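Dropping final_7.tsv in here (TSV, C-alpha atoms):
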chain	number	residue	atom	x	y	z
A	6	GLY	CA	0.00	0.00	0.00
A	7	ALA	CA	0.83	3.69	-0.16
A	8	ASP	CA	1.61	3.77	3.59
A	9	ASP	CA	4.16	0.96	3.38
A	10	GLU	CA	7.71	2.16	4.01
A	11	PRO	CA	10.23	1.21	1.38
A	12	ALA	CA	12.59	-1.61	2.27
A	13	PRO	CA	16.06	-0.47	3.39
A	14	PRO	CA	18.74	-0.82	0.77
A	15	PRO	CA	20.91	-3.89	1.15
A	16	VAL	CA	24.14	-3.48	3.14
A	17	PRO	CA	27.07	-3.43	0.75
A	18	GLU	CA	29.37	-6.40	1.06
A	19	TYR	CA	32.38	-4.22	1.89
A	20	GLU	CA	30.52	-2.80	4.92
A	21	LYS	CA	29.78	-6.32	6.12
A	22	LEU	CA	33.46	-7.07	5.77
A	23	ASP	CA	34.37	-3.95	7.76
A	24	ASP	CA	31.93	-4.92	10.52
A	25	ALA	CA	33.32	-8.46	10.63
A	26	GLU	CA	36.89	-7.15	10.87
A	27	GLU	CA	35.95	-4.79	13.69
A	28	GLU	CA	34.26	-7.62	15.59
A	29	ALA	CA	37.25	-9.84	15.00
A	30	ALA	CA	39.53	-7.10	16.32
A	31	ARG	CA	37.39	-6.75	19.45
A	32	VAL	CA	37.46	-10.51	20.05
A	33	ARG	CA	41.21	-10.59	19.41
A	34	ASP	CA	41.79	-7.76	21.88
A	35	LYS	CA	39.72	-9.55	24.53
A	36	PHE	CA	41.59	-12.78	23.89
A	37	GLU	CA	44.97	-11.07	24.12
A	38	GLU	CA	43.87	-9.31	27.30
A	39	ALA	CA	42.73	-12.63	28.77
A	40	GLU	CA	46.00	-14.26	27.75
A	41	ALA	CA	47.98	-11.47	29.39
A	42	LEU	CA	45.99	-11.75	32.59
A	43	ARG	CA	46.43	-15.51	32.61
A	44	HIS	CA	50.16	-15.11	32.07
A	45	GLN	CA	50.38	-12.60	34.93
A	46	ARG	CA	48.41	-14.94	37.17
A	47	LYS	CA	50.69	-17.87	36.35
A	48	GLN	CA	53.79	-15.78	37.01
A	49	ALA	CA	52.40	-14.55	40.35
A	50	LEU	CA	51.43	-18.09	41.33
A	51	ALA	CA	54.87	-19.41	40.41
A	52	LYS	CA	56.56	-16.63	42.40
A	53	VAL	CA	54.48	-17.40	45.49
A	54	ALA	CA	55.18	-21.10	45.04
A	55	ARG	CA	58.93	-20.50	44.86
A	56	GLU	CA	58.98	-18.38	48.00
A	57	TRP	CA	56.57	-20.39	50.14
A	58	ARG	CA	59.11	-21.40	52.79
A	59	GLY	CA	60.13	-17.83	53.50
A	60	ASP	CA	56.50	-16.73	53.48
A	61	VAL	CA	55.60	-19.36	56.07
A	62	GLU	CA	58.47	-18.28	58.30
A	63	SER	CA	57.47	-14.62	58.01
A	64	VAL	CA	53.90	-15.48	59.03
A	65	VAL	CA	54.89	-17.63	62.00
A	66	THR	CA	57.25	-14.99	63.38
A	67	ARG	CA	54.68	-12.19	63.32
A	68	ARG	CA	53.03	-10.95	66.45
A	69	VAL	CA	49.94	-12.95	67.27
A	70	SER	CA	47.97	-9.69	67.34
A	71	GLU	CA	48.63	-9.44	63.58
A	72	LEU	CA	47.35	-12.97	62.89
A	73	PRO	CA	43.80	-14.42	62.74
A	74	VAL	CA	44.35	-16.62	65.81
A	75	HIS	CA	41.28	-15.32	67.66
A	76	THR	CA	39.01	-15.99	64.68
A	77	ASP	CA	40.45	-19.40	63.74
A	78	LEU	CA	40.62	-20.95	67.22
A	79	PRO	CA	36.84	-21.45	67.57
A	80	ARG	CA	36.47	-23.11	64.17
A	81	LEU	CA	39.67	-25.19	64.33
A	82	VAL	CA	39.55	-26.32	67.95
A	83	HIS	CA	37.86	-29.56	66.87
A	84	ALA	CA	40.68	-30.30	64.40
A	85	VAL	CA	43.63	-30.20	66.83
A	86	THR	CA	45.45	-33.11	68.48
A	87	VAL	CA	48.21	-32.41	71.02
A	88	THR	CA	50.61	-35.19	72.04
A	89	ASP	CA	53.47	-34.90	74.57
A	90	LEU	CA	56.42	-37.11	73.63
A	91	ARG	CA	58.94	-35.64	76.08
A	92	ALA	CA	60.75	-38.08	78.33
A	93	ASP	CA	59.81	-36.12	81.45
A	94	ALA	CA	56.38	-35.04	80.29
A	95	PRO	CA	54.24	-33.93	83.26
A	96	GLU	CA	50.94	-35.62	83.88
A	97	LEU	CA	48.39	-33.18	82.53
A	98	SER	CA	44.70	-33.49	81.88
A	99	SER	CA	42.31	-31.43	79.86
A	100	SER	CA	38.71	-30.75	80.71
A	101	PRO	CA	36.04	-33.24	79.53
A	102	SER	CA	35.06	-30.87	76.76
A	103	ALA	CA	38.38	-31.41	75.03
A	104	GLY	CA	36.97	-34.36	73.12
A	105	ASP	CA	34.15	-36.85	73.11
A	106	ALA	CA	34.41	-40.37	74.47
A	107	ALA	CA	34.96	-41.89	71.06
A	108	ALA	CA	37.85	-39.56	70.34
A	109	LYS	CA	39.41	-40.29	73.72
A	110	LYS	CA	39.36	-44.01	72.98
A	111	ALA	CA	40.93	-43.53	69.59
A	112	THR	CA	44.41	-44.82	68.97
A	113	SER	CA	47.09	-42.23	69.64
A	114	PRO	CA	48.05	-40.68	66.30
A	115	ARG	CA	51.38	-41.94	64.97
A	116	HIS	CA	51.72	-39.40	62.22
A	117	PRO	CA	53.57	-40.74	59.16
A	118	ALA	CA	55.22	-37.37	58.53
A	119	ILE	CA	57.38	-37.69	61.66
A	120	LYS	CA	60.06	-39.98	60.31
A	121	PRO	CA	63.09	-38.60	62.18
A	122	LEU	CA	61.38	-39.01	65.54
A	123	LYS	CA	61.74	-42.39	67.30
A	124	LEU	CA	58.50	-42.92	69.14
A	125	PRO	CA	58.63	-44.70	72.50
A	126	PRO	CA	57.24	-48.25	72.67
A	127	SER	CA	54.15	-47.15	74.56
A	128	MET	CA	53.18	-43.66	73.55
A	129	ARG	CA	51.08	-41.56	75.89
A	130	GLU	CA	47.51	-40.80	75.06
A	131	PRO	CA	47.17	-37.34	73.48
A	132	LEU	CA	46.76	-34.50	75.94
A	133	TYR	CA	44.03	-33.06	73.74
A	134	VAL	CA	41.96	-34.58	70.95
A	135	GLY	CA	39.49	-32.40	69.09
A	136	SER	CA	36.20	-34.07	68.38
A	137	SER	CA	33.71	-34.13	65.55
A	138	ARG	CA	31.09	-33.20	68.11
A	139	ALA	CA	32.87	-29.90	68.71
A	140	ALA	CA	32.63	-29.14	65.00
A	141	ALA	CA	28.88	-29.70	65.04
A	142	GLU	CA	28.52	-27.64	68.20
A	143	ALA	CA	30.31	-24.71	66.60
A	144	ALA	CA	27.15	-23.71	64.77
A	145	THR	CA	24.77	-24.11	67.70
A	146	ASP	CA	26.46	-24.44	71.09
A	147	LYS	CA	28.84	-21.52	71.56
A	148	LYS	CA	29.22	-22.36	75.24
A	149	ALA	CA	30.67	-25.78	74.43
A	150	VAL	CA	33.04	-24.31	71.85
A	151	ALA	CA	34.29	-21.73	74.36
A	152	ALA	CA	34.97	-24.52	76.86
A	153	SER	CA	36.85	-26.52	74.21
A	154	VAL	CA	39.04	-23.51	73.40
A	155	LEU	CA	39.90	-23.17	77.10
A	156	ALA	CA	40.72	-26.89	77.25
A	157	LEU	CA	43.09	-26.60	74.29
A	158	LEU	CA	44.75	-23.43	75.55
A	159	GLY	CA	45.05	-24.95	79.02
A	160	VAL	CA	46.85	-28.01	77.67
A	161	LEU	CA	49.30	-25.93	75.60
A	162	VAL	CA	50.01	-23.44	78.39
A	163	GLY	CA	50.31	-26.13	81.06
A	164	ALA	CA	52.63	-28.29	78.98
A	165	LEU	CA	54.84	-25.50	77.65
A	166	ASP	CA	54.75	-22.85	80.38
A	167	GLY	CA	53.89	-24.64	83.60
A	168	ALA	CA	51.19	-24.75	86.25
A	169	GLU	CA	51.39	-21.08	87.27
A	170	ALA	CA	50.82	-19.88	83.70
A	171	ARG	CA	47.88	-22.26	83.34
A	172	ALA	CA	46.39	-21.02	86.62
A	173	ARG	CA	46.59	-17.43	85.30
A	174	LEU	CA	44.80	-18.52	82.14
A	175	ASP	CA	42.08	-20.36	84.09
A	176	ASP	CA	41.53	-17.33	86.33
A	177	ALA	CA	41.32	-14.84	83.45
A	178	TYR	CA	39.58	-16.81	80.71
A	179	TRP	CA	35.99	-16.48	81.88
A	180	GLN	CA	36.55	-12.83	82.73
A	181	HIS	CA	36.85	-12.17	79.02
A	182	VAL	CA	34.78	-15.01	77.55
A	183	ASP	CA	31.06	-15.31	78.27
A	184	LYS	CA	30.33	-18.59	80.09
A	185	LYS	CA	26.89	-18.82	78.54
A	186	GLY	CA	28.22	-18.49	75.03
A	187	LYS	CA	26.71	-15.09	74.39
A	188	GLY	CA	28.37	-12.53	72.19
A	189	ASP	CA	31.13	-12.87	69.61
A	190	LEU	CA	33.64	-15.47	70.81
A	191	SER	CA	36.31	-14.26	68.38
A	192	LYS	CA	36.15	-10.73	69.78
A	193	GLN	CA	36.23	-12.10	73.32
A	194	LEU	CA	39.33	-14.15	72.54
A	195	ARG	CA	40.94	-11.09	70.98
A	196	ALA	CA	40.28	-9.20	74.20
A	197	LEU	CA	41.85	-12.06	76.16
A	198	LEU	CA	44.98	-11.96	74.02
A	199	ASP	CA	45.15	-8.15	74.07
A	200	ALA	CA	44.95	-8.24	77.88
A	201	GLY	CA	48.31	-10.02	77.92
A	202	VAL	CA	47.08	-13.14	79.70
A	203	LEU	CA	49.37	-15.26	77.51
A	204	ALA	CA	52.12	-12.66	77.17
A	205	ASN	CA	55.69	-14.03	77.05
A	206	THR	CA	54.50	-17.65	76.91
A	207	ARG	CA	55.65	-20.41	74.62
A	208	ALA	CA	52.03	-21.32	74.01
A	209	LEU	CA	51.34	-17.89	72.50
A	210	VAL	CA	54.22	-18.35	70.04
A	211	LEU	CA	52.87	-21.77	69.11
A	212	LEU	CA	49.43	-20.29	68.35
A	213	GLY	CA	51.14	-18.28	65.62
A	214	ALA	CA	51.54	-21.55	63.71
A	215	MET	CA	47.96	-22.75	64.18
A	216	HIS	CA	45.71	-20.71	61.89
A	217	GLN	CA	44.65	-20.44	58.27
A	218	LYS	CA	47.07	-17.77	57.08
A	219	VAL	CA	50.08	-20.02	57.67
A	220	ILE	CA	48.87	-22.61	55.14
A	221	PHE	CA	48.26	-20.20	52.25
A	222	PRO	CA	51.88	-20.26	50.93
A	223	PRO	CA	52.10	-24.09	50.72
A	224	HIS	CA	48.57	-24.17	49.33
A	225	TYR	CA	49.76	-22.15	46.35
A	226	TYR	CA	52.91	-24.26	46.09
A	227	VAL	CA	50.77	-27.38	45.73
A	228	LYS	CA	48.46	-25.61	43.29
A	229	ASN	CA	51.39	-24.57	41.11
A	230	ASN	CA	53.05	-27.99	41.08
A	231	ILE	CA	50.12	-30.36	40.87
A	232	GLU	CA	50.48	-33.30	38.48
A	233	TYR	CA	49.18	-32.55	35.00
A	234	GLU	CA	46.68	-35.41	35.18
A	235	TYR	CA	44.65	-33.35	37.61
A	236	VAL	CA	44.64	-30.16	35.54
A	237	GLY	CA	41.56	-29.35	33.48
A	238	LYS	CA	40.25	-26.55	31.33
A	239	ASP	CA	38.22	-23.78	32.91
A	240	THR	CA	35.90	-22.93	30.02
A	241	ALA	CA	34.48	-19.88	31.81
A	242	HIS	CA	37.86	-18.16	32.04
A	243	ASP	CA	39.74	-20.04	29.31
A	244	ALA	CA	42.48	-20.86	31.80
A	245	GLU	CA	44.08	-24.02	33.06
A	246	VAL	CA	43.29	-24.53	36.73
A	247	PRO	CA	43.68	-27.49	39.07
A	248	LYS	CA	40.34	-29.25	39.21
A	249	TYR	CA	40.16	-30.00	42.90
A	250	LYS	CA	39.02	-28.37	46.12
A	251	ASP	CA	39.36	-28.78	49.87
A	252	GLN	CA	37.32	-31.67	51.19
A	253	PRO	CA	35.02	-30.80	54.12
A	254	SER	CA	36.22	-31.74	57.61
A	255	HIS	CA	39.59	-32.92	56.33
A	256	TRP	CA	41.87	-30.30	57.87
A	257	ARG	CA	43.73	-31.62	60.90
A	258	ILE	CA	46.42	-29.98	63.04
A	259	TYR	CA	48.82	-32.23	64.93
A	260	VAL	CA	51.03	-30.77	67.67
A	261	TYR	CA	53.88	-32.89	69.01
A	262	LEU	CA	55.95	-31.78	72.00
A	263	THR	CA	59.39	-33.39	71.99
A	264	ASP	CA	62.48	-32.89	74.12
A	265	LYS	CA	64.20	-30.75	71.49
A	266	TYR	CA	61.42	-29.05	69.57
A	267	VAL	CA	57.72	-28.60	68.97
A	268	GLN	CA	56.37	-29.92	65.69
A	269	VAL	CA	53.15	-28.60	64.14
A	270	ILE	CA	51.67	-30.42	61.17
A	271	HIS	CA	48.77	-29.13	59.09
A	272	SER	CA	47.19	-31.98	57.11
A	273	ARG	CA	44.79	-31.10	54.29
A	274	LYS	CA	42.81	-33.50	52.11
A	275	VAL	CA	41.76	-32.23	48.69
A	276	GLY	CA	40.04	-33.84	45.74
A	277	ASN	CA	37.40	-33.45	43.06
A	278	LYS	CA	34.51	-35.14	44.88
A	279	GLY	CA	31.39	-32.98	44.76
A	280	MET	CA	32.57	-30.87	41.84
A	281	ASP	CA	30.44	-30.25	38.76
A	282	GLY	CA	30.65	-33.07	36.24
A	283	ILE	CA	32.29	-35.51	38.66
A	284	ASP	CA	29.73	-38.23	39.26
A	285	ALA	CA	31.19	-41.68	38.80
A	286	ARG	CA	33.53	-43.00	41.45
A	287	ASN	CA	36.17	-43.84	38.87
A	288	GLN	CA	36.33	-40.13	37.99
A	289	GLN	CA	37.17	-39.13	41.55
A	290	PHE	CA	40.58	-38.62	43.06
A	291	SER	CA	41.91	-37.21	46.31
A	292	PHE	CA	45.26	-36.66	47.96
A	293	VAL	CA	46.63	-35.29	51.22
A	294	TRP	CA	49.27	-32.61	51.45
A	295	GLU	CA	50.95	-31.53	54.65
A	296	LEU	CA	52.85	-28.58	56.07
A	297	SER	CA	55.28	-29.63	58.79
A	298	MET	CA	57.05	-27.06	60.97
A	299	LYS	CA	59.62	-27.69	63.69
A	300	MET	CA	60.42	-24.99	66.24
A	301	ASN	CA	63.16	-25.56	68.77
A	302	TYR	CA	62.65	-24.16	72.23
A	303	ASP	CA	65.41	-21.55	71.92
A	304	ALA	CA	63.68	-20.08	68.88
A	305	ILE	CA	60.32	-20.18	70.65
A	306	ASP	CA	61.75	-18.45	73.73
A	307	ALA	CA	63.31	-15.77	71.52
A	308	HIS	CA	59.86	-14.84	70.22
A	309	ALA	CA	57.98	-15.24	73.50

So, in terms of structure tokens, how does the structure I just supplied come out?
Amino acid sequence: GADDEPAPPPVPEYEKLDDAEEEAARVRDKFEEAEALRHQRKQALAKVAREWRGDVESVVTRRVSELPVHTDLPRLVHAVTVTDLRADAPELSSSPSAGDAAAKKATSPRHPAIKPLKLPPSMREPLYVGSSRAAAEAATDKKAVAASVLALLGVLVGALDGAEARARLDDAYWQHVDKKGKGDLSKQLRALLDAGVLANTRALVLLGAMHQKVIFPPHYYVKNNIEYEYVGKDTAHDAEVPKYKDQPSHWRIYVYLTDKYVQVIHSRKVGNKGMDGIDARNQQFSFVWELSMKMNYDAIDAHA
């Protein structure tokens, strides 16, 4: 009809070509930018991986006030086992909240990472064994978690700093931490540490090796050096990334007190279970990596 608008003229082929070239240039620029970012990421990861030992040492030697000890203690208290292997180890006991009955009956951990250490024929039961019950209580029973933290701290202070230091801790703990579990436990523990209750103690130095920040450097070392069989393609970012993740409830911290040094071992289990696209059991893998640190008592006393 008369009101119909005329059809637009066809786009010349050379204009289509120009548009296609412009789009190709935009895609190429994005690809080159992505490649550059990936290269920078790989270089940064490799640098962190190379320097992980020094980074761990720098973390452990910081002041505890600069570390996330007060935030990590409540969530990691269930993952800690403390064993005294000293020849003249004093008879110490933790409160009942230190572990459930099943954990107390468990075989004393003979950690495979401690190869240089000759264990005695009959090894003592651990002074402290974190329990799975404590992990479940962390979300609901703050009172029980606070008691477990005191049990762990009491064992470390009593074993490393003596009965008087432990008595000071016992007297001061509930002055800063709410017995009924009210309020923010992390802030209460920070107040306890800031009050100097553990000042100049070996136990305080040891806490500097028992938190999440200390395992970041070896985490990146493992990530950078993982076997190629476990590396996949991240289609969302067009980058090669290790296809695994931390497995829930598989972070353990073992503390061994020996006559010459204290050894702290962080044990992490990682794998691809629960990841997208991993369904069949024959597609699953897992492995355990560990960070082992030895601190002799002279070095601990120098930082106390």

Neighbour list for region 163-166 of chain A as a ChimeraX atom specification, cut-off 12 Å, all atoms listed in the file, skip fewer than 3 positions in-chain: /A:87-91,93-99,131-133,155-160,169-175,203-212,260-264,266-267,302,305-306,309

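We find CA of Gln217 (chain A) and CA of Val74 (chain A) to be spaced 8.5 Å apart.
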
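Using only C-alpha atoms for every distance, the candidate list A:Lys274, A:Lys250, A:Arg195, A:Lys299 yields A:Arg195 as the residue closest to Val69 (chain A).
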
For CA of Leu78 (chain A) and CA of Trp294 (chain A), the interatomic separation in Å (one decimal): 21.4 Å

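Relative to CA of Ser136 (chain A), CA of His181 (chain A) is found at 24.4 Å.
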
Non-local contacts of His224 (chain A) (10 Å; all atoms listed in the file; under 2 positions in same chain excluded) as a ChimeraX atom specification: /A:53-54,57,219-222,226-229,273,294-296

Residues within 10 Å of (38.2, -34.3, 52.2), file coords, only C-alpha atoms, listed as JSON, numbers by chain: {"A": [250, 251, 252, 253, 254, 255, 256, 273, 274, 275, 276, 277, 278, 291, 292, 293]}

Near-region 146-149 of chain A list (7 Å; only C-alpha atoms; drop same-chain fewer than 5 positions) as JSON, numbers by chain: {"A": [184, 185, 186]}

Centre and edges of the region 68-76 of chain A box, axis-aligned, 3 Å extra per side, as lines of an AutoDock Vina configuration file:
center_x = 46.0
center_y = -13.0
center_z = 65.2
size_x = 20.0
size_y = 13.2
size_z = 10.9
